[in-house]
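Quick look at upload27.txt (compact mmCIF, C-alpha atoms and all ligand atoms):
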# COMPACT_ATOMS: atom_id res chain seq x y z
CA MET S 40 38.15 -11.15 29.60
CA SER S 41 39.31 -14.02 31.75
CA SER S 42 40.01 -17.33 30.12
CA ASN S 43 37.63 -19.32 32.37
CA ILE S 44 34.54 -18.21 30.46
CA GLY S 45 35.15 -20.63 27.61
CA ALA S 46 35.84 -20.10 23.92
CA GLU S 47 32.22 -20.10 22.76
CA ALA S 48 31.16 -17.51 25.29
CA GLN S 49 34.18 -15.45 24.39
CA ALA S 50 33.23 -15.55 20.71
CA ALA S 51 29.70 -14.42 21.52
CA TYR S 52 31.08 -11.63 23.67
CA ASN S 53 33.32 -10.43 20.84
CA LYS S 54 30.31 -10.32 18.56
CA TYR S 55 28.49 -8.27 21.17
CA LEU S 56 31.35 -5.79 21.22
CA ASP S 57 31.20 -5.51 17.43
CA ALA S 58 27.42 -5.17 17.24
CA SER S 59 26.14 -1.79 16.14
CA SER S 60 22.40 -1.94 16.78
CA ILE S 61 20.61 -2.32 20.11
CA ASP S 62 18.73 -5.37 18.87
CA GLU S 63 21.95 -7.04 17.76
CA LYS S 64 23.69 -6.19 21.04
CA ILE S 65 20.82 -7.69 23.04
CA LYS S 66 20.89 -10.85 20.96
CA ARG S 67 24.66 -11.34 21.36
CA LEU S 68 24.59 -10.59 25.06
CA GLU S 69 21.79 -13.09 25.64
CA GLU S 70 23.85 -15.63 23.72
CA PHE S 71 26.90 -14.88 25.85
CA LEU S 72 24.94 -15.20 29.08
CA SER S 73 23.55 -18.55 28.06
CA LEU S 74 27.03 -19.87 27.15
CA VAL S 75 29.14 -18.63 30.00
CA PRO S 76 29.68 -21.25 32.73
CA LYS S 77 28.13 -20.09 36.01
CA HIS S 78 30.53 -20.39 38.92
CA LYS S 79 32.22 -18.17 41.45
CA ALA S 80 34.92 -16.94 39.08
CA THR S 81 32.40 -15.76 36.47
CA GLU S 82 29.83 -14.42 38.97
CA LYS S 83 30.79 -10.82 38.48
CA ILE S 84 31.02 -10.97 34.72
CA VAL S 85 27.58 -12.55 34.60
CA ALA S 86 26.05 -9.93 36.90
CA LEU S 87 27.69 -7.10 35.04
CA ASN S 88 26.43 -8.31 31.71
CA LYS S 89 22.97 -9.03 33.06
CA SER S 90 22.82 -5.45 34.10
CA ARG S 91 24.08 -4.32 30.69
CA LEU S 92 21.40 -6.45 29.12
CA ALA S 93 18.69 -4.90 31.29
CA LYS S 94 19.82 -1.43 30.30
CA LEU S 95 19.86 -2.36 26.63
CA ARG S 96 16.35 -3.70 26.99
CA ARG S 97 15.18 -0.43 28.54
CA GLU S 98 16.76 1.44 25.66
CA GLN S 99 15.07 -0.88 23.24
CA ASP S 100 11.69 -0.25 24.88
CA SER S 101 12.02 3.51 24.81
CA GLU S 102 13.16 3.37 21.18
CA LYS S 103 10.10 1.32 20.32
CA ALA S 104 7.88 3.82 22.15
CA ARG S 105 9.51 6.67 20.22
CA VAL S 106 8.93 4.99 16.87
CA LYS S 107 5.36 4.26 17.87
CA SER S 108 4.71 7.86 18.86
CA ILE S 109 6.11 9.05 15.51
CA SER S 110 3.82 6.76 13.61
CA LYS S 111 0.96 8.01 15.76
CA MET S 112 1.81 11.62 14.95
CA VAL S 113 -0.88 13.29 12.89
CA SER S 114 -0.01 13.10 9.24
CA PRO S 115 0.03 16.47 7.44
CA PHE S 116 -2.53 14.91 5.16
CA SER S 117 -5.12 14.33 7.85
CA ILE S 118 -6.77 17.70 8.09
CA LYS S 119 -8.97 18.66 11.00
CA LYS S 120 -12.13 19.94 9.43
CA GLU S 121 -13.31 23.40 10.33
CA GLY S 122 -16.39 25.08 8.90
CA LEU S 123 -17.23 24.15 5.33
CA GLN S 124 -14.31 22.41 3.70
CA VAL S 125 -13.45 23.47 0.15
CA ILE S 126 -10.54 21.60 -1.45
CA LEU S 127 -8.59 22.96 -4.41
CA ILE S 128 -7.22 20.28 -6.72
CA SER S 129 -5.37 20.30 -10.03
CA ASP S 130 -3.25 18.11 -12.23
CA TYR S 131 0.52 18.09 -11.78
CA HIS S 132 2.36 20.55 -14.01
CA THR S 133 5.19 23.06 -13.88
CA PRO S 134 4.43 25.90 -13.52
CA GLY S 135 1.43 25.11 -11.33
CA VAL S 136 -2.14 26.01 -12.24
CA GLY S 137 -2.41 28.63 -9.49
CA LYS S 138 -3.98 26.83 -6.52
CA THR S 139 -1.74 28.41 -3.92
CA SER S 140 -2.32 31.81 -5.53
CA LEU S 141 -6.08 31.29 -5.16
CA LEU S 142 -5.68 30.14 -1.56
CA ASN S 143 -3.70 33.28 -0.87
CA LEU S 144 -6.21 35.49 -2.65
CA LEU S 145 -9.09 34.10 -0.59
CA THR S 146 -7.42 33.71 2.78
CA GLY S 147 -4.08 35.50 2.82
CA ALA S 148 -2.34 32.20 3.66
CA ALA S 149 0.79 30.65 2.14
CA LYS S 150 2.04 33.66 0.16
CA GLU S 151 5.60 32.34 0.37
CA LYS S 152 4.53 29.05 -1.23
CA ILE S 153 3.31 30.62 -4.49
CA GLY S 154 5.33 29.33 -7.44
CA LYS S 155 6.87 26.59 -5.30
CA PHE S 156 6.20 22.90 -5.31
CA THR S 157 4.26 21.94 -2.19
CA ALA S 158 4.16 18.29 -1.13
CA ILE S 159 1.69 18.76 1.68
CA PRO S 160 -1.61 20.64 1.91
CA GLU S 161 -1.72 24.36 2.67
CA ILE S 162 -4.74 25.62 4.57
CA GLY S 163 -6.44 28.97 5.09
CA ILE S 164 -9.75 30.25 6.42
CA TYR S 165 -11.98 32.33 4.17
CA GLU S 166 -14.86 34.06 5.91
CA TYR S 167 -17.97 35.36 4.23
CA ASP S 168 -21.15 36.45 6.02
CA LYS S 169 -19.57 35.16 9.26
CA ILE S 170 -19.44 31.68 7.73
CA ARG S 171 -16.05 30.01 7.84
CA TYR S 172 -14.80 28.12 4.81
CA GLN S 173 -11.68 26.03 5.25
CA ILE S 174 -9.81 26.33 1.96
CA VAL S 175 -7.40 23.44 1.41
CA ASP S 176 -4.75 23.74 -1.30
CA MET S 177 -3.89 20.10 -2.04
CA PRO S 178 -0.67 18.95 -3.68
CA SER S 179 -1.27 18.31 -7.39
CA ILE S 180 -2.76 15.03 -8.48
CA MET S 181 -0.50 12.91 -10.66
CA GLU S 182 -1.40 10.26 -13.15
CA GLY S 183 -1.75 7.08 -11.07
CA ALA S 184 -2.80 8.94 -7.90
CA SER S 185 -5.59 6.40 -7.55
CA ILE S 186 -2.97 3.67 -7.09
CA GLY S 187 -0.90 5.82 -4.77
CA ILE S 188 1.48 7.73 -7.05
CA GLY S 189 2.59 11.08 -5.55
CA ASN S 190 0.90 10.58 -2.17
CA GLY S 191 -2.25 9.84 -4.14
CA LYS S 192 -3.83 7.70 -1.42
CA GLU S 193 -3.37 10.40 1.23
CA ILE S 194 -4.65 13.15 -1.04
CA ILE S 195 -7.66 11.20 -2.20
CA SER S 196 -8.67 10.06 1.27
CA GLN S 197 -8.94 13.74 2.20
CA LEU S 198 -11.11 14.54 -0.80
CA ARG S 199 -13.63 12.06 0.51
CA ALA S 200 -14.35 14.33 3.50
CA ALA S 201 -14.68 17.58 1.53
CA ASP S 202 -17.88 19.60 1.31
CA LEU S 203 -16.85 20.92 -2.09
CA LEU S 204 -14.09 20.11 -4.58
CA CYS S 205 -12.74 22.87 -6.83
CA PHE S 206 -11.17 21.57 -10.02
CA CYS S 207 -8.58 24.27 -10.74
CA VAL S 208 -7.89 24.41 -14.46
CA ASP S 209 -5.11 26.53 -15.96
CA LEU S 210 -6.79 28.42 -18.81
CA SER S 211 -3.43 29.00 -20.50
CA ARG S 212 -3.03 25.25 -21.05
CA ASP S 213 -5.07 22.48 -22.69
CA TYR S 214 -8.09 22.27 -20.39
CA LYS S 215 -9.16 18.83 -21.57
CA VAL S 216 -5.87 17.18 -20.54
CA GLN S 217 -6.33 18.60 -17.04
CA MET S 218 -10.01 17.70 -16.72
CA ASP S 219 -9.50 14.18 -18.10
CA LEU S 220 -6.76 13.43 -15.59
CA LEU S 221 -8.73 14.72 -12.60
CA LEU S 222 -11.98 13.01 -13.59
CA SER S 223 -10.24 9.74 -14.34
CA GLU S 224 -8.17 9.55 -11.13
CA LEU S 225 -11.17 10.50 -8.99
CA ASN S 226 -13.43 8.05 -10.73
CA LYS S 227 -10.89 5.25 -10.25
CA SER S 228 -10.76 6.24 -6.58
CA TYR S 229 -14.53 5.77 -6.32
CA ILE S 230 -15.26 9.47 -6.00
CA ARG S 231 -18.31 10.23 -8.13
CA ILE S 232 -18.63 13.85 -9.16
CA ASN S 233 -21.85 15.88 -9.33
CA VAL S 234 -24.18 12.91 -9.47
CA PRO S 235 -26.69 12.01 -6.78
CA PRO S 236 -26.35 8.63 -5.07
CA PRO S 237 -28.22 6.05 -7.15
CA PRO S 238 -31.86 5.43 -6.18
CA ILE S 239 -31.21 1.97 -4.77
CA THR S 240 -30.47 0.53 -1.34
CA ILE S 241 -29.15 -2.94 -0.56
CA GLU S 242 -29.68 -4.13 2.98
CA LYS S 243 -28.44 -7.46 4.28
CA SER S 244 -31.27 -9.53 5.66
CA GLY S 245 -31.88 -12.75 7.56
CA SER S 246 -33.88 -14.40 4.81
CA ASN S 247 -32.09 -16.83 2.60
CA LYS S 248 -32.57 -14.97 -0.66
CA ILE S 249 -32.14 -11.68 -2.43
CA GLN S 250 -35.48 -9.91 -2.59
CA VAL S 251 -35.91 -6.98 -4.95
CA PHE S 252 -38.65 -4.36 -4.56
CA TYR S 253 -39.56 -1.55 -6.95
CA LEU S 254 -41.03 1.08 -4.70
CA THR S 255 -41.90 4.06 -6.90
CA ASN S 256 -43.64 4.57 -10.21
CA GLU S 257 -40.35 5.70 -11.70
CA SER S 258 -38.63 2.53 -10.54
CA LYS S 259 -41.30 0.48 -12.28
CA GLU S 260 -40.40 2.21 -15.54
CA ASN S 261 -36.98 0.52 -15.65
CA ASP S 262 -36.61 -1.49 -18.87
CA ASN S 263 -37.34 -5.18 -18.61
CA ILE S 264 -37.86 -5.45 -14.86
CA GLU S 265 -37.61 -9.23 -14.83
CA GLU S 266 -34.18 -9.25 -16.40
CA LEU S 267 -33.05 -6.31 -14.24
CA THR S 268 -34.12 -8.17 -11.11
CA GLU S 269 -32.09 -11.19 -12.22
CA ARG S 270 -29.02 -8.95 -12.86
CA ILE S 271 -29.45 -7.30 -9.44
CA ARG S 272 -29.47 -10.76 -7.84
CA GLU S 273 -26.36 -11.87 -9.74
CA ILE S 274 -24.37 -8.70 -9.04
CA THR S 275 -25.34 -8.64 -5.36
CA HIS S 276 -24.42 -12.31 -5.06
CA ALA S 277 -21.07 -11.69 -6.77
CA GLY S 278 -20.52 -8.88 -4.29
CA GLY S 279 -20.59 -11.51 -1.57
CA ILE S 280 -24.12 -10.93 -0.33
CA ARG S 281 -26.52 -13.86 -0.40
CA ASN S 282 -29.34 -12.54 1.75
CA ALA S 283 -30.57 -9.06 1.08
CA ILE S 284 -33.49 -6.73 0.58
CA VAL S 285 -32.88 -4.54 -2.45
CA ARG S 286 -35.06 -1.46 -2.77
CA VAL S 287 -35.22 0.44 -6.04
CA PHE S 288 -36.60 4.00 -6.03
CA GLY S 289 -35.92 5.17 -9.59
CA LYS S 290 -34.24 4.44 -12.90
CA ILE S 291 -31.03 2.52 -12.37
CA THR S 292 -28.09 1.11 -14.32
CA LEU S 293 -25.98 -1.95 -13.54
CA ASP S 294 -23.12 0.36 -12.51
CA HIS S 295 -25.44 1.82 -9.89
CA ILE S 296 -25.81 -1.62 -8.35
CA VAL S 297 -22.05 -2.18 -8.34
CA ASP S 298 -21.49 1.25 -6.74
CA THR S 299 -24.16 0.65 -4.10
CA LEU S 300 -22.44 -2.60 -3.12
CA ASN S 301 -19.09 -0.82 -2.86
CA SER S 302 -18.87 1.01 0.45
CA SER S 303 -15.86 3.01 -0.85
CA VAL S 304 -17.97 4.98 -3.30
CA VAL S 305 -18.68 8.58 -2.30
CA TYR S 306 -20.64 11.30 -4.06
CA LYS S 307 -19.08 14.75 -4.12
CA LYS S 308 -20.09 18.14 -5.40
CA ALA S 309 -17.49 19.91 -7.51
CA ILE S 310 -17.08 23.18 -9.37
CA ILE S 311 -14.46 24.33 -11.87
CA LEU S 312 -12.27 27.37 -11.29
CA GLY S 313 -10.52 28.49 -14.46
CA THR S 314 -7.24 30.16 -13.45
CA LYS S 315 -4.88 32.79 -14.92
CA GLY S 316 -7.77 34.49 -16.72
CA ASP S 317 -5.54 37.54 -17.22
CA LEU S 318 -3.33 35.77 -19.76
CA SER S 319 -3.95 36.16 -23.48
CA LEU S 320 -6.46 33.90 -25.24
CA THR S 321 -7.76 32.53 -21.95
CA GLU S 322 -11.21 34.01 -22.55
CA ASN S 323 -11.62 31.79 -25.56
CA THR S 324 -10.42 28.74 -23.61
CA PHE S 325 -12.85 29.57 -20.81
CA HIS S 326 -15.80 29.53 -23.23
CA LYS S 327 -14.72 26.19 -24.65
CA LEU S 328 -14.32 24.82 -21.14
CA GLU S 329 -17.85 25.95 -20.33
CA GLU S 330 -19.21 24.42 -23.50
CA SER S 331 -17.55 21.08 -22.84
CA TYR S 332 -18.29 20.69 -19.14
CA SER S 333 -21.40 22.68 -18.25
CA ASP S 334 -23.46 19.47 -18.39
CA LYS S 335 -21.44 17.86 -15.65
CA PHE S 336 -20.42 21.01 -13.78
CA PRO S 337 -23.26 23.47 -13.11
CA LEU S 338 -20.80 26.04 -11.77
CA ILE S 339 -17.72 27.11 -13.74
CA ILE S 340 -16.00 30.32 -12.68
CA GLY S 341 -13.18 32.23 -14.38
CA THR S 342 -10.57 33.72 -12.04
CA SER S 343 -7.28 35.55 -12.03
CA ALA S 344 -5.23 35.61 -8.87
CA ASN S 345 -2.88 38.14 -10.44
CA LYS S 346 -5.74 40.59 -11.02
CA LYS S 347 -7.46 39.54 -7.77
CA GLU S 348 -10.46 38.40 -9.76
CA ILE S 349 -12.82 35.96 -8.11
CA PRO S 350 -16.52 36.68 -7.35
CA ASN S 351 -16.51 38.93 -4.28
CA ASN S 352 -19.48 36.93 -2.94
CA PHE S 353 -17.67 33.63 -3.54
CA GLY S 354 -18.93 32.35 -0.17
CA GLU S 355 -22.54 32.98 -1.09
CA VAL S 356 -22.05 31.46 -4.54
CA ILE S 357 -20.72 28.20 -3.15
CA LEU S 358 -23.26 28.07 -0.32
CA ASN S 359 -26.05 28.33 -2.91
CA HIS S 360 -24.36 25.76 -5.07
CA LEU S 361 -24.18 23.36 -2.12
CA LYS S 362 -27.88 24.02 -1.56
CA LYS S 363 -27.31 25.09 2.00
CA ILE S 364 -29.01 27.95 3.80
CA LYS S 365 -28.04 30.01 6.80
CA VAL S 366 -30.34 30.78 9.70
CA TYR S 367 -29.69 32.63 12.94
CA THR S 368 -30.47 31.62 16.49
CA MET S 369 -31.63 34.12 19.09
CA ASN S 370 -31.35 33.98 22.82
CA LYS S 371 -33.15 36.53 25.07
CA SER S 372 -33.69 38.78 22.03
CA VAL S 373 -30.01 38.75 21.10
CA VAL S 374 -29.38 37.35 17.63
CA ALA S 375 -26.26 35.20 17.33
CA GLU S 376 -23.58 36.69 15.12
CA LYS S 377 -22.68 33.41 13.51
CA PRO S 378 -25.30 31.71 11.38
CA LEU S 379 -26.21 28.06 11.50
CA ILE S 380 -25.80 26.22 8.20
CA LEU S 381 -28.55 23.81 7.19
CA ASP S 382 -29.01 21.48 4.25
CA ALA S 383 -31.77 22.87 2.10
CA THR S 384 -32.08 19.82 -0.11
CA ASP S 385 -34.91 17.40 0.29
CA PRO S 386 -36.35 17.37 2.93
CA ILE S 387 -36.71 21.09 3.68
CA PRO S 388 -35.02 21.92 7.01
CA THR S 389 -37.28 22.49 9.99
CA ILE S 390 -37.11 23.71 13.57
CA ARG S 391 -36.38 20.10 14.52
CA ASP S 392 -33.05 20.22 12.62
CA VAL S 393 -32.05 23.39 14.43
CA ALA S 394 -32.99 21.99 17.84
CA ILE S 395 -31.01 18.80 17.23
CA LYS S 396 -28.06 20.70 15.83
CA ILE S 397 -27.77 23.08 18.78
CA HIS S 398 -28.18 20.55 21.56
CA HIS S 399 -30.21 17.44 22.01
CA LYS S 400 -31.81 18.86 25.14
CA PHE S 401 -33.51 21.52 22.99
CA PHE S 402 -35.08 18.72 21.03
CA GLU S 403 -36.01 16.53 23.98
CA SER S 404 -37.50 19.32 26.10
CA PHE S 405 -38.79 21.39 23.19
CA ASP S 406 -41.83 23.54 23.97
CA TYR S 407 -42.15 26.01 21.07
CA ALA S 408 -40.05 28.26 18.87
CA ILE S 409 -40.35 31.88 17.79
CA VAL S 410 -39.38 32.52 14.17
CA ILE S 411 -38.70 35.99 12.85
CA ARG S 412 -38.87 36.23 9.07
CA LYS S 413 -38.21 39.74 7.83
CA ASP S 414 -40.11 39.69 4.52
CA ALA S 415 -43.05 37.62 5.79
CA ARG S 416 -46.56 39.01 6.28
CA GLN S 417 -46.39 38.04 9.91
CA LEU S 418 -42.95 39.08 11.11
CA LYS S 419 -42.96 36.97 14.28
CA LYS S 420 -44.49 33.53 14.56
CA LYS S 421 -44.83 30.92 17.30
CA VAL S 422 -44.18 27.52 15.70
CA GLY S 423 -43.60 23.83 16.38
CA LEU S 424 -40.88 21.32 15.44
CA ASP S 425 -42.17 20.73 11.90
CA TYR S 426 -42.07 24.37 10.83
CA GLU S 427 -40.10 24.72 7.58
CA LEU S 428 -37.27 27.23 7.53
CA LYS S 429 -36.02 29.73 4.98
CA GLU S 430 -32.73 31.53 4.47
CA ASN S 431 -32.04 34.21 7.13
CA ASP S 432 -34.80 33.09 9.51
CA ILE S 433 -34.14 34.03 13.13
CA ILE S 434 -35.09 31.33 15.59
CA GLU S 435 -35.59 31.34 19.33
CA LEU S 436 -36.09 27.95 20.92
CA HIS S 437 -38.07 27.56 24.14
CA ILE S 438 -37.87 24.48 26.30
CA LYS S 439 -40.34 23.23 28.87
N1 LIG S 501 -0.64 35.30 -15.09
C1 LIG S 501 -1.00 34.65 -13.97
N2 LIG S 501 -0.14 33.84 -13.36
C2 LIG S 501 -0.54 33.21 -12.23
C3 LIG S 501 -1.84 33.37 -11.70
N3 LIG S 501 -1.96 32.59 -10.61
C4 LIG S 501 -0.78 31.97 -10.44
N4 LIG S 501 0.09 32.34 -11.41
C5 LIG S 501 1.48 31.89 -11.55
O1 LIG S 501 1.52 30.51 -11.79
C6 LIG S 501 2.58 29.90 -11.07
C7 LIG S 501 2.06 28.82 -10.17
O2 LIG S 501 1.21 29.40 -9.18
P1 LIG S 501 0.86 28.64 -7.83
O3 LIG S 501 -0.21 29.42 -7.16
O4 LIG S 501 2.07 28.36 -7.06
O5 LIG S 501 0.25 27.29 -8.43
P2 LIG S 501 0.05 25.86 -7.75
O6 LIG S 501 1.27 25.09 -8.05
O7 LIG S 501 -1.16 25.31 -8.38
O8 LIG S 501 -0.13 26.10 -6.28
C8 LIG S 501 3.27 31.02 -10.30
O9 LIG S 501 4.38 31.43 -11.03
C9 LIG S 501 2.22 32.09 -10.24
O10 LIG S 501 2.79 33.39 -10.16
C10 LIG S 501 -2.73 34.26 -12.37
O11 LIG S 501 -3.87 34.50 -12.00
N5 LIG S 501 -2.25 34.88 -13.51
MG MG S 502 1.02 25.35 -4.76

Turn this file's structure into structure tokens for me.
Ligand SMILES: Nc1nc2c(ncn2[C@@H]2O[C@H](COP(=O)(O)OP(=O)(O)O)[C@@H](O)[C@H]2O)c(=O)[nH]1
Ligand SMILES: [Mg+2]
Amino acid sequence: MSSNIGAEAQAAYNKYLDASSIDEKIKRLEEFLSLVPKHKATEKIVALNKSRLAKLRREQDSEKARVKSISKMVSPFSIKKEGLQVILISDYHTPGVGKTSLLNLLTGAAKEKIGKFTAIPEIGIYEYDKIRYQIVDMPSIMEGASIGIGNGKEIISQLRAADLLCFCVDLSRDYKVQMDLLLSELNKSYIRINVPPPPITIEKSGSNKIQVFYLTNESKENDNIEELTERIREITHAGGIRNAIVRVFGKITLDHIVDTLNSSVVYKKAIILGTKGDLSLTENTFHKLEESYSDKFPLIIGTSANKKEIPNNFGEVILNHLKKIKVYTMNKSVVAEKPLILDATDPIPTIRDVAIKIHHKFFESFDYAIVIRKDARQLKKKVGLDYELKENDIIELHIK
């Protein structure tokens, strides 16, 4: 480069030539352009390097856009939910407990992943009675998953969306070690298993105090109500809420109050699937597993992927366990092939739920519904929005 650009500018230019990254190049070139004396003799050099700088900036922008689009790419851990989501989980161990084998047995998916370590979820669709169950085979849960070990955060955030968790327990190993790890990591991640949400609500209010109401007879049977009310006030206050209406509907513990204040807490239904039931002595282990956990887990099933053993009505079993029922809609006397799944827990589902679920217009312009119930005295009935539904009802909605 010509000598009339000055030593400082020359030094900056040399650094630009040596720079390896775009950011560094841009920085050095900007430096050079600010140092170089602007006169006729340097005109061209300045223009040339301004142009270089502009190009580098464009490159920098497109690089930034690329990085951004990568970070926006859907993570393999964020699973698009389809049908009822059933997630298989287990502790980390080699060889594995048999999750992928179960996934394959139910859905035919991921055969090539059996016996291999999988770092991301494998997914398959299991269909029973025209109901689709999305079976998710999660990577194993390691000790410390709740603080992020082994993609723990990603795994656990998915569990929060599940309709059902299946604790897969290898019956040829110590079942307690496996159960303890899963229960402990989930509990630390604020996932409560097979317990209903506590009978208490805490609602922020405008008033300048924490008011506590006991709204049912059962709630009035809590020990020492005066002291409990004081504790509720203290805990709610410590949780950062100064003005609230607290409603108590049943017997509660102090942990219930803490959980109610913590919006991260979720309540999930879970079952246990004992695996490798074909191996020796596993029958004995299965009975012990049942004895130890039947209080907490109302459904414990023994399986063997190798012998293709899993209840052949597995779909029905889990639908019942989830306390859901299926009903069918009918349009111009044609019954839909696919059922509609409704929550059969309190309150009992009605025509209103079906109307809302299908389309809001059915609810807004509702006139009447025809319900066909095969084992009822009156096969066909004309009913209103409040009519309570039963499993396998066939429903035709009529709008005004
Ligand atoms: N004997 C027996 N072995 C099984 C069974 N299911 C899985 N395995 C074996 O256990 C190992 C781990 O199985 P895999 O399904 O990959 O477990 P994952 O790591 O939990 O997904 C493999 O070698 C399987 O062949 C079973 O029902 N019986
Ligand atoms: Mg696997």

Around ligand MG 502 (chain S), out to 12 Å and counting all atoms listed in the file, which residues are there? I want them as number ranges by chain. S: 127-143, 148-162, 175-180, 207

Within 10 Å of S:Leu328 using all atoms listed in the file, minus same-chain residues under 2 positions, as a ChimeraX atom specification: /S:208,210,213-215,218,311,313,322-326,330-333,339

Write out as a ChimeraX atom specification the residues lying within 8 Å of stretch 377-392 of chain S, counting only C-alpha atoms and excluding same-chain residues fewer than 4 positions away. /S:169-170,362-368,396,402,408,423-428

Tell me, as a ChimeraX atom specification, which residues lie within 10 Å of S:Tyr165, counting all atoms listed in the file; anything in the same chain fewer than 4 positions away does not count. /S:122-123,125,142-148,169-174,353-354

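Going from atom CA of S:Leu358 over to atom CA of S:Gln124, you cover 11.3 Å.
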